[in-house]
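Report on one structure; see the data block that follows.
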Amino acid sequence: MQEAIKIPASLRRMVAESAVVVVGRRGCCMSHVAKRLLQGLGANPAVFEVDDKCEDDVLVELRAAELPVVFVGGRWLGGLDRIMASHITGELTPLLKQAGALWL
Amino acid sequence: MNPTMMNSTSTQFVPSRRMGIYEPIHQMSMWGDFKGNNCLDASTPMILEVDPKLDNQSEDTSHGTVGHSNKYDQEASKPPDKVLRRLAQNREAARKSRLRKKAYVQQLESSKLRLIQLEQELGRARQQGMYTGSALDASPLSYAGSMNPGIATFELEYGHWVEEQDRQLADLRNALQSTETGDVELRIFVDGGLRHYCDLFKMKATAAKTDVFYLMSGMWKTSGERFFFWIGGFRPSELLKVLLPHLEPLTEQQRLDLGNLAQSCQQAEDALSQGMDRLHQILGAAIAKQLGEGNYLPQVGAAIEKLDDLARFVGQADHLRQETLQQISRILTTRQAARGLLALGEYFQRLRALSSLWSSRPRESS
């Protein structure tokens, strides 16, 4: 499922080092939703905040339509739609456990 | 002076059949026709509604009351008793006609007042959000609809959506009650039902682009449904609670899966609710910046940008509703899913009925 995505160095580092990463616009409420959902499940996501100015560049680099986007276990998972859908179908929790984001 | 008035059989005023002189329509056409006419004295209408026995004399009488001297000469040649009696009858008829006209006008005035009263009540009710707002109510476009064509379209389409929903539910009910209906047929119903909900979400997404506040207000729904409102629609976890008892018997695996789904829904809803709280705070803070200076454009302008997020919330909430419905249908058998859809549809129908009954209950006069 992993694509060869070109992403900023600092972000790449974060993705490699953290089990869960939320990439979102600074002050965006949707990023907040993604964060709260993951925290509610017991994960502790790292957050990479993007300035308004840099948003377009980051979106191009990530080949994403909009922020937030979430990485789990170093792999791209998707935007908020994908996170919600995968949680409803029950896929998200095993993924998080696999990535070491959850201990329970 | 008007020749047509002289002729009692003129079709302009008197229809071919004999009209009762107490009929309002007859009176109205009379009053209406005399609108531009200066001689609104009772004598002229009298001609048209006189007793049959006076019909023959109409020509004479009109001449008499308009004051043609010739007429009096003609009259003088007839026996005075008859003339006097005729004149008295004419006066009496004229008096009665005047009274009827007065009564009719009074009736019109009071109706007009009542109409104004009702319009004011309706306006107040709309503002207070008591207006049920459904396009199915026997009323024209709602307040918001009349201001925004995108919303007017949505309300119209939603009205059709509800009608189609009621039709599908009736068909589904029949199918489930019949012993001959197989799973293949039920599957068609289930897929159709789920698709119908998807159509609604698509309609809402389009409407959100024109007026997201309208969607958030739920004004297109009935007041009962609004009571259970959560970010532009029903709460998925609430849905599951409603459905669960009607899906029995369930296997252990199904019970487990549905339990997990209920928990996931709740968690997703909580995340969205918290995001909404955050939006409240941010929007509130943006609006409240630097109050007291009179100028509001910079603050309001900044706030408007944040409203894009609101449309995304409605989208995410609808997405959650859609995913939940899909997941429910994955967990259940076809027949269970069909029963579930029927139960769900009836639940919303009852909420709508509750609203109608509530809004049409007799109110105590204060």
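Starting from 1 in every chain, residues are counted up; chains themselves are A, B, ... following the order of the structure tokens, and ligands are numbered from 1 as listed.
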
Discussion item. Using only C-alpha atoms, I'd like every residue of chain B that has an atom within 12 Å of chain A; please write them out as a ChimeraX atom specification.
Written reply: /B:236-237,256-283,305-331

Worksheet entry | All residues 7 Å or closer to Arg25 (chain A), only C-alpha atoms, same chain fewer than 6 positions away omitted, as number ranges by chain | A: 31, 49-52, 67-68

Next, write the just-selected residues to a file, as a tab-separated table (two decimals), in the first residue's frame, keeping all heavy atoms as the atom set.
chain	number	residue	atom	x	y	z
A	31	SER	N	-8.15	19.10	11.59
A	31	SER	CA	-6.97	18.44	12.17
A	31	SER	C	-7.27	18.06	13.61
A	31	SER	O	-6.88	17.00	14.08
A	31	SER	CB	-5.76	19.37	12.15
A	31	SER	OG	-5.52	19.80	10.86
A	49	GLU	N	2.40	20.61	12.03
A	49	GLU	CA	1.55	21.73	11.67
A	49	GLU	C	2.10	22.47	10.46
A	49	GLU	O	3.30	22.77	10.40
A	49	GLU	CB	1.38	22.67	12.85
A	49	GLU	CG	0.41	22.12	13.88
A	49	GLU	CD	0.01	23.16	14.91
A	49	GLU	OE1	0.83	24.05	15.20
A	49	GLU	OE2	-1.13	23.10	15.41
A	50	VAL	N	1.19	22.75	9.55
A	50	VAL	CA	1.59	23.42	8.31
A	50	VAL	C	1.03	24.83	8.31
A	50	VAL	O	-0.13	25.05	8.65
A	50	VAL	CB	1.03	22.63	7.09
A	50	VAL	CG1	1.34	23.35	5.81
A	50	VAL	CG2	1.60	21.23	7.08
A	51	ASP	N	1.87	25.79	7.93
A	51	ASP	CA	1.39	27.17	7.80
A	51	ASP	C	0.53	27.31	6.56
A	51	ASP	O	0.71	26.58	5.60
A	51	ASP	CB	2.58	28.13	7.67
A	51	ASP	CG	3.16	28.47	9.03
A	51	ASP	OD1	2.38	28.51	9.99
A	51	ASP	OD2	4.38	28.65	9.11
A	52	ASP	N	-0.37	28.29	6.60
A	52	ASP	CA	-1.21	28.56	5.43
A	52	ASP	C	-0.39	28.71	4.16
A	52	ASP	O	-0.73	28.19	3.11
A	52	ASP	CB	-2.03	29.84	5.65
A	52	ASP	CG	-3.18	29.61	6.62
A	52	ASP	OD1	-3.47	28.44	6.91
A	52	ASP	OD2	-3.79	30.60	7.06
A	67	LEU	N	-5.86	18.88	3.58
A	67	LEU	CA	-5.40	18.47	4.90
A	67	LEU	C	-6.61	18.36	5.83
A	67	LEU	O	-7.62	19.03	5.59
A	67	LEU	CB	-4.41	19.50	5.44
A	67	LEU	CG	-3.12	19.67	4.67
A	67	LEU	CD1	-2.26	20.76	5.30
A	67	LEU	CD2	-2.34	18.36	4.64
A	68	PRO	N	-6.55	17.56	6.86
A	68	PRO	CA	-5.40	16.80	7.38
A	68	PRO	C	-5.19	15.48	6.65
A	68	PRO	O	-6.11	14.96	6.01
A	68	PRO	CB	-5.80	16.53	8.83
A	68	PRO	CG	-7.28	16.46	8.79
A	68	PRO	CD	-7.73	17.41	7.73

Practice prompt. Check region 144-237 of chain B with DSSP on the backbone and list each residue it calls alpha helix (DSSP H), as a PyMOL selection string.
Written response: chain B and resi 144-147+149-177+183-210+212-217+223-227+236-237

Worksheet item: Which residues, written as a PyMOL selection string, have at least one atom at most 8 Å from region 43-47 of chain A, with only C-alpha atoms counted and residues fewer than 3 positions away on the same chain left out?
Response: chain A and resi 14+18-24+35+38-40+96+101-102

Go ahead and save the picked residues with N, CA and C atoms, as a JSON list (two decimals), in the first residue's frame.
[["chain", "number", "residue", "atom", "x", "y", "z"],
["A", 14, "MET", "N", 9.57, 12.65, 11.12],
["A", 14, "MET", "CA", 8.47, 12.46, 12.07],
["A", 14, "MET", "C", 7.72, 11.17, 11.75],
["A", 18, "SER", "N", 7.48, 8.24, 14.49],
["A", 18, "SER", "CA", 6.24, 8.17, 15.29],
["A", 18, "SER", "C", 5.29, 7.13, 14.71],
["A", 19, "ALA", "N", 4.57, 6.49, 15.61],
["A", 19, "ALA", "CA", 3.62, 5.46, 15.19],
["A", 19, "ALA", "C", 2.48, 6.09, 14.41],
["A", 20, "VAL", "N", 2.04, 7.26, 14.86],
["A", 20, "VAL", "CA", 0.93, 7.96, 14.19],
["A", 20, "VAL", "C", 1.29, 9.42, 14.01],
["A", 21, "VAL", "N", 1.08, 9.93, 12.81],
["A", 21, "VAL", "CA", 1.33, 11.35, 12.56],
["A", 21, "VAL", "C", 0.11, 11.97, 11.91],
["A", 22, "VAL", "N", -0.30, 13.12, 12.43],
["A", 22, "VAL", "CA", -1.37, 13.90, 11.81],
["A", 22, "VAL", "C", -0.75, 15.14, 11.20],
["A", 23, "VAL", "N", -0.89, 15.29, 9.89],
["A", 23, "VAL", "CA", -0.39, 16.48, 9.21],
["A", 23, "VAL", "C", -1.58, 17.39, 8.97],
["A", 24, "GLY", "N", -1.53, 18.59, 9.58],
["A", 24, "GLY", "CA", -2.68, 19.45, 9.45],
["A", 24, "GLY", "C", -2.32, 20.91, 9.40],
["A", 35, "LYS", "N", -7.01, 14.44, 15.37],
["A", 35, "LYS", "CA", -6.23, 14.27, 16.59],
["A", 35, "LYS", "C", -7.08, 13.67, 17.71],
["A", 38, "LEU", "N", -7.98, 9.93, 17.30],
["A", 38, "LEU", "CA", -6.86, 9.04, 17.60],
["A", 38, "LEU", "C", -6.56, 9.02, 19.09],
["A", 39, "GLN", "N", -6.63, 10.19, 19.69],
["A", 39, "GLN", "CA", -6.39, 10.25, 21.14],
["A", 39, "GLN", "C", -7.46, 9.49, 21.89],
["A", 40, "GLY", "N", -8.72, 9.58, 21.41],
["A", 40, "GLY", "CA", -9.81, 8.86, 22.04],
["A", 40, "GLY", "C", -9.63, 7.35, 22.00],
["A", 96, "LEU", "N", -3.46, 0.51, 14.11],
["A", 96, "LEU", "CA", -2.78, 1.28, 15.16],
["A", 96, "LEU", "C", -2.00, 0.34, 16.07],
["A", 101, "ALA", "N", 1.01, 1.99, 18.11],
["A", 101, "ALA", "CA", 0.41, 3.20, 18.65],
["A", 101, "ALA", "C", -0.50, 2.92, 19.84],
["A", 102, "LEU", "N", -0.98, 1.68, 19.90],
["A", 102, "LEU", "CA", -1.86, 1.31, 21.00],
["A", 102, "LEU", "C", -1.25, 0.16, 21.78]]

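Considering the residues A:Ala64, A:Val70, A:Leu77, A:Ala99 and counting only C-alpha atoms, Phe48 (chain A) has its shortest atom-to-atom contact with A:Val70.
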
Discussion item. Could you list, as an MDAnalysis selection string, every residue within 12 Å of Met203 (chain B), counting only C-alpha atoms and ignoring same-chain residues fewer than 5 positions away?
Written reply: chainID B and resid 150:151 153:161 196:198 208:210 215 315 318

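In this model, the gap between CA of Arg352 (chain B) and CA of Arg226 (chain B) comes to 9.9 Å.
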
Fill in: Close residues, Leu169 (chain B) itself excluded, 12 Å, only C-alpha atoms, min 5 positions apart in chain, as a VMD selection string
chain B and resid 162 to 164 174 to 176 189 to 190 192 to 193 196 338 to 349

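The spacing separating CA of Ser217 (chain B) from CA of Ser355 (chain B) amounts to 16.2 Å.
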
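One finds CA of Ile231 (chain B) at 27.5 Å from CA of Ser360 (chain B).
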